[in-house]
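These notes concern the structure reproduced below.
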There are 2 protein chains.
Amino acid sequence: MLALLSRADKMMNSNSESMAQTRETGTLGKLMVLLDLVTHADAPLRFTDILALAGQPRGTLHRQLSHLVEEGLLELDGEGRYAPGLRLLDFAARSWARNEFRLIAEPHLADLQQATGETVHLGVLRGQSIIYLDKVDGRQPVRMYSQIGNASPCYCTGVGKAALSLLPADFLADLLAGLNFTRFTASTHLSAESLLAEIHEIGDQGYAFDREEHEAGIRCVAAPLWSQDRSFIGGISITGPAYRLSMELLRQWAVPVQLAAGRIMEDMRIRLGPRR
Amino acid sequence: MLALLSRADKMMNSNSESMAQTRETGTLGKLMVLLDLVTHADAPLRFTDILALAGQPRGTLHRQLSHLVEEGLLELDGEGRYAPGLRLLDFAARSWARNEFRLIAEPHLADLQQATGETVHLGVLRGQSIIYLDKVDGRQPVRMYSQIGNASPCYCTGVGKAALSLLPADFLADLLAGLNFTRFTASTHLSAESLLAEIHEIGDQGYAFDREEHEAGIRCVAAPLWSQDRSFIGGISITGPAYRLSMELLRQWAVPVQLAAGRIMEDMRIRLGPRR
DNA sequence: CAAAACGTTCCATTATTTGGAACTATATTT
DNA sequence: AAATATAGTTCCAAATAATGGAACGTTTTG
């Protein structure tokens with residue numbers, strides 16, 4: 001359970017000029033910082049760019065980058081620029097294909113997509129972020145990694161708020177205290193207080209809305225989802241453009257979304273055993 | 001250029017009871033071996049399972065796994081089983097979204113898909129494997145990571161054989177010498193000799209077929225694709241079921257596939273500069 | 001051409017990893 | 001219920017790998 005608030009907070013919002021937080025992962029931790037730097041960059045980085053960002057001595061940085069390249073985690077092009085390596089794709093492809101939660105949820109997501117005609121997501125809470133594990137879209141073949149694997153803030157997504165409503169009060173308080181609110185749209189929550197109020201409401205209702213809080217013109221309705229041992233805390237959602245999805249309609253869809261979530265949890269219970 | 005035959009051979013066919021090949025990546029290399037073990041497993045592994053596979057002392061292995069879990073690269077469930085971590089998805093999502101070659105090829109893949117109605121792939125040679133970088137399928141919304149990120153053998157895929165036809169003779173010889181041929185179907189190449197003969201033919205023609213060599217009932221036609229500095233060596237293909245894609249039809253499609261490859265390379269030249 | 005910027009290599013010092021052993025916790029057997 | 005086996009965790013001196021400053025090439029710039 002503690003794992004929920006674990007190191008994954010490095011994934012986002014780690015711009016909080018961290019209090020020289022000593023990592024306990026030694027060599028690996030230092031290398032992962034570099035991987036983060038390069039994968040978060042908008043374009044491939046030169047050695048000198050990374051040098052400035054990482055604040056390591058030149059010799060040290062050079063060897064670290066060499067090791068990452070050697071392992072295929074980074075790639076160095078002919079102009080001395082470092083980009084994420086293809087081995088990351090290879091790892092991800094396998095980890096996604098075999099993810100137990102995703103495999104169990106998949107048919108139910110497809111059903112929900114069929115029933116509504118809109119895009120359906122499965123997301124899991126990791127630190128302060130929602131990581132999307134799956135996406136089913138019936139229309140045009142949408143760009144694949146467009147959403148899957150992406151980390152989005154928990155405080156302005158339907159799945160995120162639904163997930164937060166599952167947390168015990170003390171964990172929730174800790175998590176909220178660590179959030180850096182960024183205004184994405186006019187309706188994005190900007191304080192822990194307003195967010196907490198809505199989370200309580202969501203806890204009572206059993207479903208959450210995203211009222212164009214992350215992206216203008218995009219709404220969703222989400223239901224929370226958890227495994228019995230709480231190693232999975234997340235949710236599913238139906239998402240679409242505001243012009244097509246009135247709040248009226250989203251309220252109607254709250255029921256099917258909750259039902260689908262219930263069926264997924266039932267399957268998890270059966271497939272993963274009562275202990276999880 | 002040497003990078004082509006680099007460490008990526010650890011991705012596949014590394015079952016070749018390796019001659020105690022010392023990795024030069026120290027701590028990172030040892031940890032990557034563990035990540036490989038866990039991501040290649042069919043199901044989450046227990047500590048003892050990994051102990052047997054990795055052949056490390058218990059104390060050492062325990063700390064290594066702890067570090068990987070701490071960093072989110074592995075996940076430990078309530079039953080003491082290790083599975084690939086979600087951070088891998090996060091890394092992959094970003095590395096895919098920003099991959100320059102994929103971004104450039106994308107519109108051309110879509111055009112080719114529109115023109116033929118069949119599935120189009122973009123793949124790159126990495127070691128002895130083809131890693132699929134993109135896939136465009138016009139029909140049902142196909143499972144996303146189904147192909148993208150997956151490593152397939154170079155000797156029995158259209159893109160693979162097309163890519164091999166680009167290699168200088170000495171590199172090709174080295175690569176072929178290291179291959180472990182596995183029979184996937186009745187028509188899979190099983191020797192370097194027969195493969196080399198076809199690669200020469202492909203080099204002359206400028207396109208390659210997959211005559212149900214990897215998967216029974218699946219055929220494709222592929223064209224090679226490279227960046228000017230040869231840091232990208234791969235290809236694109238049109239793939240589909242044999243009952244719909246006669247060899248007749250595939251031969252006709254060889255031209256549009258080659259034209260699309262040409263347009264992609266032209267765009268690479270423009271967007272990445274003449275040096276690459 | 002000189003100077004500067006960029007990247008790479010070297011090696012004594014320092015920090016981390018190693019691995020055997022002791023220890024704890026959780027099943028399984030008697 | 002006690003005894004035993006099995007699984008997983010912690011500890012610490014010794015072995016190993018990482019560190020970082022300095023020196024060395026290489027390319028770009030004025």
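Chain labels follow the order of the structure tokens: the first chain is A, the next B, and so on; residue numbering restarts at 1 in every chain, and ligands are counted from 1 in their shown order.
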Requested in this report: Per DSSP on the backbone, filter region 39-205 of chain A down to the residues in strand (DSSP E) and report them as number ranges by chain.
Outcome: A: 45-46, 74-76, 81-84, 119-126, 129-136, 151-153
Please produce a file of those selected residues containing C-alpha atoms, as a short mmCIF file (atom, residue, chain, number, x, y, z; two decimals), in the first residue's frame.
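The new file part_0.cif reads:
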```cif
data_model
loop_
_atom_site.label_atom_id
_atom_site.label_comp_id
_atom_site.auth_asym_id
_atom_site.auth_seq_id
_atom_site.Cartn_x
_atom_site.Cartn_y
_atom_site.Cartn_z
CA LEU A 45 20.29 16.60 -25.91
CA ARG A 46 23.96 17.32 -26.49
CA LEU A 74 19.96 5.78 -24.79
CA GLU A 75 21.10 6.34 -28.34
CA LEU A 76 23.85 8.62 -29.50
CA ARG A 81 22.99 14.05 -29.46
CA TYR A 82 21.46 11.65 -26.95
CA ALA A 83 17.92 10.33 -27.49
CA PRO A 84 15.93 7.62 -25.70
CA THR A 119 -13.05 6.39 -26.13
CA VAL A 120 -12.49 4.31 -23.02
CA HIS A 121 -9.38 4.47 -20.80
CA LEU A 122 -7.89 2.35 -18.05
CA GLY A 123 -5.51 4.17 -15.72
CA VAL A 124 -3.61 3.40 -12.54
CA LEU A 125 -2.42 5.75 -9.82
CA ARG A 126 1.34 5.85 -9.44
CA SER A 129 0.29 10.61 -11.60
CA ILE A 130 -2.16 8.51 -13.51
CA ILE A 131 -0.48 6.16 -15.92
CA TYR A 132 -2.77 5.06 -18.71
CA LEU A 133 -2.59 1.33 -19.14
CA ASP A 134 -5.04 0.94 -21.99
CA LYS A 135 -7.24 2.82 -24.41
CA VAL A 136 -10.02 1.59 -26.65
CA ALA A 151 1.60 10.01 -17.12
CA SER A 152 -1.06 12.63 -16.44
CA PRO A 153 -1.68 14.61 -13.26
#
```
Using 12 Å as the limit and counting only C-alpha atoms (C1' of nucleotides), can you tabulate each residue of chain C that touches chain B, with its shortest atom-to-atom distance in Å and the two atoms involved, as a tab-separated table?
```
residue	atom	partner	partner_atom	distance
C:DT16	C1'	B:Thr27	CA	9.6
C:DT17	C1'	B:Thr27	CA	8.1
C:DT18	C1'	B:Thr60	CA	6.5
C:DG19	C1'	B:Pro57	CA	6.0
C:DG20	C1'	B:Pro57	CA	8.6
C:DA21	C1'	B:Gly59	CA	10.3
C:DA22	C1'	B:Gly59	CA	11.9
C:DT26	C1'	B:Glu79	CA	12.0
```
Expected file: the selected residues, N, CA and C atoms (P, O5', C5', C4', C3', O3' and C1' of nucleotides), as a short mmCIF file (atom, residue, chain, number, x, y, z; two decimals), in the first residue's frame:
```
data_model
loop_
_atom_site.label_atom_id
_atom_site.label_comp_id
_atom_site.auth_asym_id
_atom_site.auth_seq_id
_atom_site.Cartn_x
_atom_site.Cartn_y
_atom_site.Cartn_z
P DT C 16 27.86 5.77 -1.88
"O5'" DT C 16 27.80 4.42 -2.71
"C5'" DT C 16 28.05 4.45 -4.12
"C4'" DT C 16 28.21 3.03 -4.60
"C3'" DT C 16 27.07 2.10 -4.16
"O3'" DT C 16 26.56 1.48 -5.32
"C1'" DT C 16 29.19 1.13 -3.67
P DT C 17 25.37 0.39 -5.26
"O5'" DT C 17 26.12 -1.00 -5.46
"C5'" DT C 17 27.02 -1.14 -6.54
"C4'" DT C 17 27.81 -2.42 -6.37
"C3'" DT C 17 26.95 -3.67 -6.18
"O3'" DT C 17 27.42 -4.66 -7.08
"C1'" DT C 17 28.58 -3.53 -4.48
P DT C 18 26.69 -6.09 -7.18
"O5'" DT C 18 27.59 -7.01 -6.25
"C5'" DT C 18 28.98 -7.08 -6.51
"C4'" DT C 18 29.66 -7.94 -5.47
"C3'" DT C 18 28.97 -9.29 -5.19
"O3'" DT C 18 29.90 -10.32 -5.46
"C1'" DT C 18 29.52 -8.16 -3.16
P DG C 19 29.35 -11.78 -5.91
"O5'" DG C 19 29.31 -12.55 -4.53
"C5'" DG C 19 30.54 -12.72 -3.83
"C4'" DG C 19 30.26 -13.21 -2.43
"C3'" DG C 19 29.20 -14.32 -2.36
"O3'" DG C 19 29.61 -15.25 -1.37
"C1'" DG C 19 28.56 -12.57 -0.96
P DG C 20 29.78 -16.78 -1.65
"O5'" DG C 20 29.96 -17.41 -0.20
"C5'" DG C 20 31.10 -17.04 0.59
"C4'" DG C 20 30.63 -16.68 1.99
"C3'" DG C 20 29.75 -17.74 2.66
"O3'" DG C 20 30.44 -18.21 3.83
"C1'" DG C 20 28.82 -15.55 2.92
P DA C 21 29.74 -19.35 4.76
"O5'" DA C 21 29.08 -18.51 5.95
"C5'" DA C 21 29.76 -17.38 6.50
"C4'" DA C 21 28.83 -16.70 7.49
"C3'" DA C 21 27.93 -17.67 8.25
"O3'" DA C 21 27.79 -17.24 9.60
"C1'" DA C 21 26.61 -16.08 7.16
P DA C 22 27.14 -18.22 10.68
"O5'" DA C 22 26.28 -17.25 11.58
"C5'" DA C 22 26.63 -15.86 11.67
"C4'" DA C 22 25.35 -15.05 11.78
"C3'" DA C 22 24.28 -15.68 12.68
"O3'" DA C 22 23.72 -14.67 13.51
"C1'" DA C 22 23.36 -15.20 10.57
P DT C 26 5.26 -13.46 8.45
"O5'" DT C 26 4.98 -14.74 7.53
"C5'" DT C 26 5.64 -14.84 6.29
"C4'" DT C 26 5.63 -16.29 5.84
"C3'" DT C 26 4.31 -17.04 6.09
"O3'" DT C 26 3.89 -17.58 4.86
"C1'" DT C 26 6.15 -18.33 6.73
#
```
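If you take only C-alpha atoms (C1' of nucleotides) and a cut-off of 8 Å, the residues of chain B that reach chain D are Gly26, Thr27, Phe47 and Thr48 of chain B.
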Query - DSSP alpha helix (DSSP H) residues within region 55-153 of chain B, as a PyMOL selection string - result: chain B and resi 58-70+87-97+100-116
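Note that the spacing between CA of Thr25 (chain A) and CA of Gly85 (chain B) amounts to 15.6 Å.
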Requested in this report: Within 12 Å of Glu266 (chain A), counting only C-alpha atoms (C1' of nucleotides), which residues show up once you throw out same-chain ones fewer than 2 positions away? Write them as a list of chain:residue names, please.
Outcome: A:Phe101, A:Ile104, A:Ala105, A:His108, A:Leu225, A:Trp226, A:Ser227, A:Gln228, A:Leu259, A:Ala260, A:Ala261, A:Gly262, A:Arg263, A:Ile264, A:Met268, A:Arg269, A:Ile270, A:Arg271, A:Leu272, A:Gly273, A:Pro274, A:Arg276
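Of the residues under consideration (A:Gln128, A:Gln205, A:Gln252, A:Ser231), A:Ser231 shows the shortest atom-to-atom contact distance to chain B when counting only C-alpha atoms.
You will find CA of Phe209 (chain B) at 10.7 Å from CA of Trp253 (chain B).
Straight-line separation from CA of Ser95 (chain A) to CA of Ala223 (chain A): 24.7 Å.
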